[in-house]
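coords_4.cif (mmCIF, C-alpha atoms) appears below.
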data_entry
#
loop_
_atom_site.group_PDB
_atom_site.id
_atom_site.type_symbol
_atom_site.label_atom_id
_atom_site.label_comp_id
_atom_site.auth_asym_id
_atom_site.auth_seq_id
_atom_site.Cartn_x
_atom_site.Cartn_y
_atom_site.Cartn_z
ATOM 1 C CA MET I 105 123.757 75.451 92.300
ATOM 2 C CA SER I 106 122.132 73.423 89.586
ATOM 3 C CA LYS I 107 118.459 73.485 88.701
ATOM 4 C CA ASN I 108 118.020 69.939 90.040
ATOM 5 C CA SER I 109 119.579 70.907 93.358
ATOM 6 C CA ILE I 110 117.192 73.857 93.723
ATOM 7 C CA GLN I 111 114.208 71.674 92.853
ATOM 8 C CA PHE I 112 115.311 69.040 95.375
ATOM 9 C CA GLN I 113 115.675 71.661 98.117
ATOM 10 C CA LEU I 114 112.247 73.063 97.262
ATOM 11 C CA LEU I 115 110.730 69.574 97.431
ATOM 12 C CA LEU I 116 112.342 68.874 100.810
ATOM 13 C CA SER I 117 111.214 72.196 102.249
ATOM 14 C CA MET I 118 107.629 71.694 101.057
ATOM 15 C CA LEU I 119 107.576 68.181 102.536
ATOM 16 C CA LEU I 120 108.914 69.547 105.822
ATOM 17 C CA ILE I 121 106.231 72.234 105.838
ATOM 18 C CA GLY I 122 103.611 69.529 105.224
ATOM 19 C CA ILE I 123 104.887 67.473 108.160
ATOM 20 C CA ILE I 124 104.898 70.535 110.425
ATOM 21 C CA TYR I 125 101.387 71.378 109.249
ATOM 22 C CA GLY I 126 100.186 67.844 109.987
ATOM 23 C CA LEU I 127 101.695 67.788 113.454
ATOM 24 C CA THR I 128 100.377 71.254 114.263
ATOM 25 C CA PHE I 129 96.958 70.340 112.986
ATOM 26 C CA HIS I 130 96.731 67.069 114.908
ATOM 27 C CA TYR I 131 98.289 67.879 118.271
ATOM 28 C CA ILE I 132 97.872 71.612 118.813
ATOM 29 C CA VAL I 133 94.974 73.034 116.838
ATOM 30 C CA MET I 134 92.479 70.131 116.652
ATOM 31 C CA PRO I 135 91.669 69.991 120.395
ATOM 32 C CA PHE I 136 90.796 73.713 120.462
ATOM 33 C CA MET I 137 88.611 73.903 117.354
ATOM 34 C CA ARG I 138 85.031 72.633 117.547
ATOM 35 C CA ASN I 139 83.706 74.270 114.379
ATOM 36 C CA GLN I 140 85.049 72.152 111.487
ATOM 37 C CA LEU I 141 84.387 74.698 108.710
ATOM 38 C CA LEU I 142 86.232 77.473 110.511
ATOM 39 C CA HIS I 143 88.975 75.020 111.368
ATOM 40 C CA CYS I 144 89.489 73.993 107.741
ATOM 41 C CA ILE I 145 89.521 77.591 106.520
ATOM 42 C CA LEU I 146 92.029 78.771 109.132
ATOM 43 C CA MET I 147 94.394 75.842 108.642
ATOM 44 C CA GLY I 148 94.239 76.231 104.865
ATOM 45 C CA LEU I 149 95.146 79.893 105.185
ATOM 46 C CA LEU I 150 97.986 79.119 107.571
ATOM 47 C CA PHE I 151 99.358 76.393 105.318
ATOM 48 C CA GLY I 152 99.150 78.685 102.278
ATOM 49 C CA ILE I 153 101.009 81.464 104.074
ATOM 50 C CA PHE I 154 103.804 79.098 105.131
ATOM 51 C CA ASN I 155 104.160 77.776 101.589
ATOM 52 C CA PHE I 156 104.224 81.291 100.187
ATOM 53 C CA PHE I 157 107.052 82.379 102.473
ATOM 54 C CA ILE I 158 109.127 79.277 101.743
ATOM 55 C CA ALA I 159 108.648 79.650 97.977
ATOM 56 C CA HIS I 160 109.420 83.377 98.236
ATOM 57 C CA MET I 161 112.656 82.628 100.086
ATOM 58 C CA PHE I 162 113.785 80.264 97.309
ATOM 59 C CA PHE I 163 112.761 82.761 94.643
ATOM 60 C CA GLU I 164 114.842 85.505 96.277
ATOM 61 C CA LYS I 165 117.886 83.218 96.446
ATOM 62 C CA PHE I 166 117.418 82.267 92.794
ATOM 63 C CA ALA I 167 117.064 85.904 91.707
ATOM 64 C CA THR I 168 120.202 86.883 93.632
ATOM 65 C CA LEU I 169 122.197 84.037 92.090
ATOM 66 C CA LYS I 170 120.955 84.938 88.613
ATOM 67 C CA GLU I 171 121.955 88.601 89.027
ATOM 68 C CA THR I 172 125.371 87.622 90.377
ATOM 69 C CA ASN I 173 125.908 85.206 87.499
ATOM 70 C CA LYS I 174 125.033 87.903 84.936
ATOM 71 C CA PHE I 175 127.355 90.393 86.642
ATOM 72 C CA LEU I 176 130.242 87.910 86.646
ATOM 73 C CA HIS I 177 129.587 86.977 83.019
ATOM 74 C CA ASP I 178 129.748 90.662 82.032
ATOM 75 C CA GLU I 179 132.893 91.186 84.106
ATOM 76 C CA LEU I 180 134.577 88.319 82.249
ATOM 77 C CA LYS I 181 134.189 90.173 78.954
ATOM 78 C CA THR I 182 135.748 93.495 79.938
ATOM 79 C CA ASP I 183 139.259 94.614 80.672
ATOM 80 C CA LYS I 184 139.594 95.986 84.204
ATOM 81 C CA LEU I 185 141.989 98.771 83.265
ATOM 82 C CA THR I 186 140.296 100.224 80.180
ATOM 83 C CA GLY I 187 136.721 99.000 80.555
ATOM 84 C CA LEU I 188 136.775 97.815 76.936
ATOM 85 C CA LEU I 189 136.082 94.324 75.677
ATOM 86 C CA ASN I 190 139.038 92.003 76.189
ATOM 87 C CA ARG I 191 140.798 89.800 73.623
ATOM 88 C CA ALA I 192 138.815 86.639 74.398
ATOM 89 C CA CYS I 193 135.508 88.444 73.891
ATOM 90 C CA PHE I 194 136.832 90.072 70.718
ATOM 91 C CA ASP I 195 137.883 86.689 69.312
ATOM 92 C CA LYS I 196 134.517 85.174 70.193
ATOM 93 C CA ASN I 197 132.635 88.040 68.504
ATOM 94 C CA ILE I 198 134.771 87.801 65.359
ATOM 95 C CA THR I 199 134.171 84.032 65.185
ATOM 96 C CA GLU I 200 130.403 84.556 65.548
ATOM 97 C CA ILE I 201 130.427 87.205 62.809
ATOM 98 C CA ASN I 202 132.440 84.978 60.463
ATOM 99 C CA ASN I 203 130.104 82.036 61.049
ATOM 100 C CA ALA I 204 126.955 84.135 60.656
ATOM 101 C CA THR I 205 127.764 85.956 57.396
ATOM 102 C CA PRO I 206 127.666 83.911 54.193
ATOM 103 C CA THR I 207 130.725 84.123 52.016
ATOM 104 C CA ARG I 208 130.377 85.002 48.336
ATOM 105 C CA LEU I 209 132.873 84.141 45.658
#
Could you spell out this file's structure in structure tokens?
Amino acid sequence: MSKNSIQFQLLLSMLLIGIIYGLTFHYIVMPFMRNQLLHCILMGLLFGIFNFFIAHMFFEKFATLKETNKFLHDELKTDKLTGLLNRACFDKNITEINNATPTRL
């Protein structure tokens, strides 16, 4: 998944949480609450908890994908039989060394 896709999903989930919060606030909670200060505090806490859990869910997915990507990247470099670096990684390292060291005549 790309970074833009993750951001779009996060935006959609936060908007959905806001809509659910608005509907809950208007139709379910408002008729039962007479004290406005207590009402505002409780709904703010509830909304914050919902947002935290949604953001935490996306963070966990992102962390899992990042770990998997690192594992696969490391697996690409090694030979399965010997556990040593493979030819493609060796060639890449040699090219980086040649480009990094200045040549003297």
* atom CA of I:Ala159 and atom CA of I:Leu120, how far apart in Å? ->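 Interatomic distance, atom CA of I:Leu120 to atom CA of I:Ala159: 12.8 Å.
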* Asked: Do you have the atom CA of I:Phe156-atom CA of I:Phe112 distance handy?
  ->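 Computing it gives 17.2 Å between the two atoms.
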* **Nearest-residue call for I:Glu179, choices I:Val133, I:Cys193, I:Ala167, I:Leu150, using only C-alpha atoms** =>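 Of I:Val133, I:Cys193, I:Ala167, I:Leu150, the one nearest I:Glu179 is I:Cys193, counting only C-alpha atoms.
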* What is the atom CA of I:Ile158-atom CA of I:Met118 distance in Å, reported with one decimal? -> 7.8 Å
Apply the PyMOL selection byres ((chain I and resi 122) around 12) to the file shown and report the selected residues as a PDB file with C-alpha atoms, keeping the file's coordinate frame.
ATOM      1  CA  LEU I 115     110.730  69.574  97.431  1.00  0.00           C
ATOM      2  CA  LEU I 116     112.342  68.874 100.810  1.00  0.00           C
ATOM      3  CA  SER I 117     111.214  72.196 102.249  1.00  0.00           C
ATOM      4  CA  MET I 118     107.629  71.694 101.057  1.00  0.00           C
ATOM      5  CA  LEU I 119     107.576  68.181 102.536  1.00  0.00           C
ATOM      6  CA  LEU I 120     108.914  69.547 105.822  1.00  0.00           C
ATOM      7  CA  ILE I 121     106.231  72.234 105.838  1.00  0.00           C
ATOM      8  CA  ILE I 123     104.887  67.473 108.160  1.00  0.00           C
ATOM      9  CA  ILE I 124     104.898  70.535 110.425  1.00  0.00           C
ATOM     10  CA  TYR I 125     101.387  71.378 109.249  1.00  0.00           C
ATOM     11  CA  GLY I 126     100.186  67.844 109.987  1.00  0.00           C
ATOM     12  CA  LEU I 127     101.695  67.788 113.454  1.00  0.00           C
ATOM     13  CA  THR I 128     100.377  71.254 114.263  1.00  0.00           C
ATOM     14  CA  PHE I 129      96.958  70.340 112.986  1.00  0.00           C
ATOM     15  CA  MET I 147      94.394  75.842 108.642  1.00  0.00           C
ATOM     16  CA  GLY I 148      94.239  76.231 104.865  1.00  0.00           C
ATOM     17  CA  LEU I 150      97.986  79.119 107.571  1.00  0.00           C
ATOM     18  CA  PHE I 151      99.358  76.393 105.318  1.00  0.00           C
ATOM     19  CA  GLY I 152      99.150  78.685 102.278  1.00  0.00           C
ATOM     20  CA  PHE I 154     103.804  79.098 105.131  1.00  0.00           C
ATOM     21  CA  ASN I 155     104.160  77.776 101.589  1.00  0.00           C
ATOM     22  CA  ILE I 158     109.127  79.277 101.743  1.00  0.00           C
TER      23      ILE I 158
END
